[in-house]
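One structure below.
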Amino acid sequence: MKNITESVSNFDHLDKMSTLELLQGINSEDKKVAFAVENEISEIQFFVDACYERMKRGGRLFYIGAGTSGRLGIVDASECPPTFGIDPGIIVGLIAGGDKAIRKAVEFAEDDNEQGWKDLTEFEVSELDTVVGIAASGRTPYVLGAIETAKKKSLLTAGISCNPNSPLAELVDHAITLEVGPEFITGSTRMKSGTAQKLVLNMISTSLMIKLGKVKGNKMVDMQLSNHKLVDRGTKMIMSEIDIPYEHAKELLKFHGSVRNAVEFYKQKNK
């Protein structure tokens, strides 16, 4: 296995660079990320379609990772309920070391080969569920152990890593390998690797939610109304759909709880 994530940076003497040189160097490396993701779109497509088939029958999606990778999964999962109005248990992010590891690293948590599956079993996972292992190196024991057992139990598995032919890529049903190259700071996978993983997670969850009917046209019609900005956005969505005044649209939204319900009620009432 070629360990690109630990290979030496294309830049040296970072401590001698000016602020401008540092920023330009980071930006020049970041430009490579989108192309690395583009190269994997076909594999992402195959995975999304397979996951969708399970989720439309009641399956759930689990992200599991350690460190930055685990945090990225948690961020993506936590943003889906307010954005798309789904139950928090539909897309779940798990991190080595538990919730306290979200803010502070838990020493050696990622080295436990058995804990990942133990964490998954707390959710009573079934064959309808899908597990995505996220590990820039592709060799994190916490992730590999969980994926190995999940696959044996007939769950759908995918892996997001940044090293070709990694143990994770060899193990999963769908291997998404993002070859972003050496990091600006050697081995700092919170940078390009993390950015690439974040882009893929956005693709996975967003496309799944659209396919599951949580978006109409290009609008988040099931979003939770958790602040004034979102109430205002929802109100304007209703206005654009059924051409009514702002205050009337706002009343409908607050009463029915979502753009979808408000529009459907109004159209049904005014047939």
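Labeling convention for the structure tokens: chains A, B, ... as they appear, residues from 1 per chain, ligands from 1 in order of appearance.
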
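Counting only C-alpha atoms, Phe255 (chain A) has the following residues at most 12 Å away, ignoring those fewer than 6 positions along the same chain: Leu225, Val231, Thr235, His248, Ala249, Asn261, Ala262, Val263, Phe265 and Tyr266 of chain A.
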
Spatial neighbours of region 137-153 of chain A, 7 Å, only C-alpha atoms, chain gap at least 4 places, as a compact mmCIF listing (two decimals) with C-alpha atoms, in the first residue's frame:
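The file below, part.txt, is the result:
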# COMPACT_ATOMS: atom_id res chain seq x y z
CA THR A 5 -1.24 10.66 3.39
CA ILE A 64 -17.82 5.86 11.60
CA GLY A 65 -14.34 7.32 12.00
CA ALA A 96 -13.70 6.69 18.32
CA GLU A 110 -8.73 4.72 17.33
CA ASP A 111 -6.51 1.69 17.99
CA ASP A 112 -9.33 -0.43 19.46
CA ASN A 113 -10.31 -2.96 16.80
CA GLU A 114 -13.51 -4.04 18.59
CA GLN A 115 -15.03 -0.81 19.88
CA GLY A 116 -16.36 0.39 16.52
CA TRP A 117 -18.71 -2.55 16.17
CA GLU A 127 -29.15 -5.83 7.19
CA GLY A 133 -15.96 3.98 7.29
CA THR A 157 -20.35 -1.00 3.54
CA SER A 161 -9.94 7.05 2.32
CA CYS A 162 -7.06 8.86 0.67
CA ASN A 163 -4.55 6.04 0.10
CA SER A 166 -5.66 0.61 1.59
CA PRO A 167 -6.98 -2.08 3.98
CA LEU A 168 -10.27 -0.14 4.15
CA ALA A 169 -10.60 0.01 0.37
CA LEU A 171 -12.52 -4.54 2.75

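Closest approach to Val37 (chain A) from the set A:Glu179, A:Glu53, A:Glu170, A:Glu6 is made by A:Glu179, with distances taken over only C-alpha atoms.
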
Arg60 (chain A) surroundings by only C-alpha atoms, 8 Å radius, close-in-sequence under 6 positions cut, as a PDB file with N, CA and C atoms, in the first residue's frame:
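Wrote it out as around.pdb, contents follow:
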ATOM      1  N   ARG A  54     -31.697   0.644   0.166  1.00  0.00           N
ATOM      2  CA  ARG A  54     -31.907   0.185   1.547  1.00  0.00           C
ATOM      3  C   ARG A  54     -32.651   1.232   2.367  1.00  0.00           C
ATOM      4  N   GLY A  89     -32.094   9.788  14.066  1.00  0.00           N
ATOM      5  CA  GLY A  89     -31.589   8.419  14.020  1.00  0.00           C
ATOM      6  C   GLY A  89     -31.447   7.851  12.628  1.00  0.00           C
ATOM      7  N   ILE A  90     -31.777   8.623  11.596  1.00  0.00           N
ATOM      8  CA  ILE A  90     -31.707   8.122  10.219  1.00  0.00           C
ATOM      9  C   ILE A  90     -30.278   8.143   9.686  1.00  0.00           C
ATOM     10  N   ILE A  91     -29.559   9.212   9.940  1.00  0.00           N
ATOM     11  CA  ILE A  91     -28.135   9.312   9.589  1.00  0.00           C
ATOM     12  C   ILE A  91     -27.380   9.613  10.878  1.00  0.00           C
ATOM     13  N   VAL A  92     -26.445   8.734  11.229  1.00  0.00           N
ATOM     14  CA  VAL A  92     -25.780   8.806  12.532  1.00  0.00           C
ATOM     15  C   VAL A  92     -24.267   8.833  12.350  1.00  0.00           C
ATOM     16  N   LEU A 128     -30.596  -3.934   6.718  1.00  0.00           N
ATOM     17  CA  LEU A 128     -31.051  -2.797   5.912  1.00  0.00           C
ATOM     18  C   LEU A 128     -30.139  -1.579   6.058  1.00  0.00           C
ATOM     19  N   ASP A 129     -29.279  -1.607   7.057  1.00  0.00           N
ATOM     20  CA  ASP A 129     -28.455  -0.441   7.364  1.00  0.00           C
ATOM     21  C   ASP A 129     -27.159  -0.419   6.552  1.00  0.00           C
ATOM     22  N   THR A 130     -26.570   0.768   6.488  1.00  0.00           N
ATOM     23  CA  THR A 130     -25.335   0.999   5.731  1.00  0.00           C
ATOM     24  C   THR A 130     -24.305   1.644   6.645  1.00  0.00           C
TER      25      THR A 130
END

Every residue of region 99-248 of chain A that DSSP places in alpha helix (DSSP H), as a PyMOL selection string: chain A and resi 115-121+141-152+167-171+192-211+228-242+246-248

For the selection you just gave me, I'd like the residues written to a file as a PDB file, in the first residue's frame, keeping C-alpha atoms.
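Output file out_12.pdb follows:
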ATOM      1  CA  GLN A 115     -15.026  -0.808  19.884  1.00  0.00           C
ATOM      2  CA  GLY A 116     -16.359   0.386  16.521  1.00  0.00           C
ATOM      3  CA  TRP A 117     -18.713  -2.552  16.166  1.00  0.00           C
ATOM      4  CA  LYS A 118     -19.701  -2.269  19.843  1.00  0.00           C
ATOM      5  CA  ASP A 119     -20.677   1.344  19.213  1.00  0.00           C
ATOM      6  CA  LEU A 120     -22.779   0.299  16.224  1.00  0.00           C
ATOM      7  CA  THR A 121     -24.592  -2.461  18.120  1.00  0.00           C
ATOM      8  CA  PRO A 141      -8.339  -0.173  13.559  1.00  0.00           C
ATOM      9  CA  TYR A 142     -11.513   1.302  15.083  1.00  0.00           C
ATOM     10  CA  VAL A 143     -12.963   1.710  11.580  1.00  0.00           C
ATOM     11  CA  LEU A 144     -11.634  -1.530  10.092  1.00  0.00           C
ATOM     12  CA  GLY A 145     -13.012  -3.652  12.922  1.00  0.00           C
ATOM     13  CA  ALA A 146     -16.454  -2.121  12.595  1.00  0.00           C
ATOM     14  CA  ILE A 147     -16.520  -2.500   8.818  1.00  0.00           C
ATOM     15  CA  GLU A 148     -15.291  -6.084   8.896  1.00  0.00           C
ATOM     16  CA  THR A 149     -18.046  -7.192  11.262  1.00  0.00           C
ATOM     17  CA  ALA A 150     -20.695  -5.092   9.504  1.00  0.00           C
ATOM     18  CA  LYS A 151     -19.889  -6.792   6.233  1.00  0.00           C
ATOM     19  CA  LYS A 152     -20.087 -10.230   7.843  1.00  0.00           C
ATOM     20  CA  PRO A 167      -6.985  -2.076   3.975  1.00  0.00           C
ATOM     21  CA  LEU A 168     -10.275  -0.144   4.154  1.00  0.00           C
ATOM     22  CA  ALA A 169     -10.603   0.006   0.371  1.00  0.00           C
ATOM     23  CA  GLU A 170      -9.909  -3.724   0.104  1.00  0.00           C
ATOM     24  CA  LEU A 171     -12.525  -4.540   2.746  1.00  0.00           C
ATOM     25  CA  LYS A 192      -6.714  18.291   1.942  1.00  0.00           C
ATOM     26  CA  SER A 193      -7.807  14.826   3.025  1.00  0.00           C
ATOM     27  CA  GLY A 194     -10.399  16.278   5.393  1.00  0.00           C
ATOM     28  CA  THR A 195     -11.669  18.696   2.752  1.00  0.00           C
ATOM     29  CA  ALA A 196     -12.055  15.875   0.231  1.00  0.00           C
ATOM     30  CA  GLN A 197     -13.899  13.705   2.752  1.00  0.00           C
ATOM     31  CA  LYS A 198     -16.234  16.584   3.583  1.00  0.00           C
ATOM     32  CA  LEU A 199     -17.076  17.097  -0.096  1.00  0.00           C
ATOM     33  CA  VAL A 200     -17.923  13.420  -0.537  1.00  0.00           C
ATOM     34  CA  LEU A 201     -20.068  13.336   2.605  1.00  0.00           C
ATOM     35  CA  ASN A 202     -21.964  16.365   1.269  1.00  0.00           C
ATOM     36  CA  MET A 203     -22.543  14.487  -1.981  1.00  0.00           C
ATOM     37  CA  ILE A 204     -23.725  11.312  -0.268  1.00  0.00           C
ATOM     38  CA  SER A 205     -26.188  12.800   2.196  1.00  0.00           C
ATOM     39  CA  THR A 206     -27.530  15.498  -0.129  1.00  0.00           C
ATOM     40  CA  SER A 207     -28.159  13.166  -3.060  1.00  0.00           C
ATOM     41  CA  LEU A 208     -29.770  10.587  -0.763  1.00  0.00           C
ATOM     42  CA  MET A 209     -32.103  13.171   0.755  1.00  0.00           C
ATOM     43  CA  ILE A 210     -33.106  14.425  -2.692  1.00  0.00           C
ATOM     44  CA  LYS A 211     -33.793  10.871  -3.884  1.00  0.00           C
ATOM     45  CA  HIS A 228     -35.921  33.409  12.432  1.00  0.00           C
ATOM     46  CA  LYS A 229     -33.746  33.144   9.314  1.00  0.00           C
ATOM     47  CA  LEU A 230     -35.204  29.742   8.439  1.00  0.00           C
ATOM     48  CA  VAL A 231     -38.763  30.909   9.118  1.00  0.00           C
ATOM     49  CA  ASP A 232     -38.162  33.811   6.746  1.00  0.00           C
ATOM     50  CA  ARG A 233     -36.666  31.470   4.128  1.00  0.00           C
ATOM     51  CA  GLY A 234     -39.588  29.071   4.432  1.00  0.00           C
ATOM     52  CA  THR A 235     -42.098  31.882   4.181  1.00  0.00           C
ATOM     53  CA  LYS A 236     -40.547  33.109   0.939  1.00  0.00           C
ATOM     54  CA  MET A 237     -40.543  29.557  -0.438  1.00  0.00           C
ATOM     55  CA  ILE A 238     -44.285  29.353   0.168  1.00  0.00           C
ATOM     56  CA  MET A 239     -44.821  32.751  -1.475  1.00  0.00           C
ATOM     57  CA  SER A 240     -42.971  31.583  -4.574  1.00  0.00           C
ATOM     58  CA  GLU A 241     -45.057  28.411  -4.742  1.00  0.00           C
ATOM     59  CA  ILE A 242     -48.551  29.769  -4.234  1.00  0.00           C
ATOM     60  CA  TYR A 246     -45.727  37.343   3.213  1.00  0.00           C
ATOM     61  CA  GLU A 247     -47.736  37.411   6.446  1.00  0.00           C
ATOM     62  CA  HIS A 248     -50.259  34.870   5.152  1.00  0.00           C
TER      63      HIS A 248
END

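Coordinates place CA of Phe123 (chain A) at a distance of 13.9 Å from CA of Asp87 (chain A).
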
Considering only C-alpha atoms, return as a list in words whatever protein or nucleic-acid residues lie within 12 Å of Pro182 (chain A), sequence-local ones (same chain, fewer than 5 positions apart) excluded. Lys2, Asn3, Ile4, Thr5, Glu6, Ser7, Val8, Ser9, Asn10, Phe11, Ile26, Glu29, Asp30, Lys32, Val33, Ala136, Ser137, Cys162, Asn163, Gly187, Ser188, Thr189, Arg190, Met191, Lys192 and Ser193 of chain A

Grab the residues selected above and save them as a short mmCIF file (atom, residue, chain, number, x, y, z; two decimals), in the first residue's frame with C-alpha atoms.
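And here's out33.cif as it stands now:
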data_model
loop_
_atom_site.label_atom_id
_atom_site.label_comp_id
_atom_site.auth_asym_id
_atom_site.auth_seq_id
_atom_site.Cartn_x
_atom_site.Cartn_y
_atom_site.Cartn_z
CA LYS A 2 1.30 3.42 -0.98
CA ASN A 3 0.98 5.73 2.03
CA ILE A 4 0.32 9.05 0.31
CA THR A 5 -1.24 10.66 3.39
CA GLU A 6 2.10 10.42 5.23
CA SER A 7 4.33 11.36 2.28
CA VAL A 8 6.52 14.45 2.44
CA SER A 9 4.94 17.80 1.56
CA ASN A 10 5.59 19.41 -1.80
CA PHE A 11 6.64 22.49 0.19
CA ILE A 26 -2.21 26.04 0.95
CA GLU A 29 -2.79 22.34 -2.75
CA ASP A 30 -6.51 22.79 -2.06
CA LYS A 32 -6.30 19.57 -6.27
CA VAL A 33 -9.10 18.36 -4.01
CA ALA A 136 -7.77 9.20 5.54
CA SER A 137 -5.07 6.55 5.99
CA CYS A 162 -7.06 8.86 0.67
CA ASN A 163 -4.55 6.04 0.10
CA GLY A 187 0.84 14.14 7.45
CA SER A 188 -1.72 16.79 8.47
CA THR A 189 -4.78 15.04 7.06
CA ARG A 190 -7.14 17.62 8.58
CA MET A 191 -6.25 19.66 5.50
CA LYS A 192 -6.71 18.29 1.94
CA SER A 193 -7.81 14.83 3.03
#

Atom pair CA of Ala77 (chain A) + CA of Glu107 (chain A), distance 24.0 Å
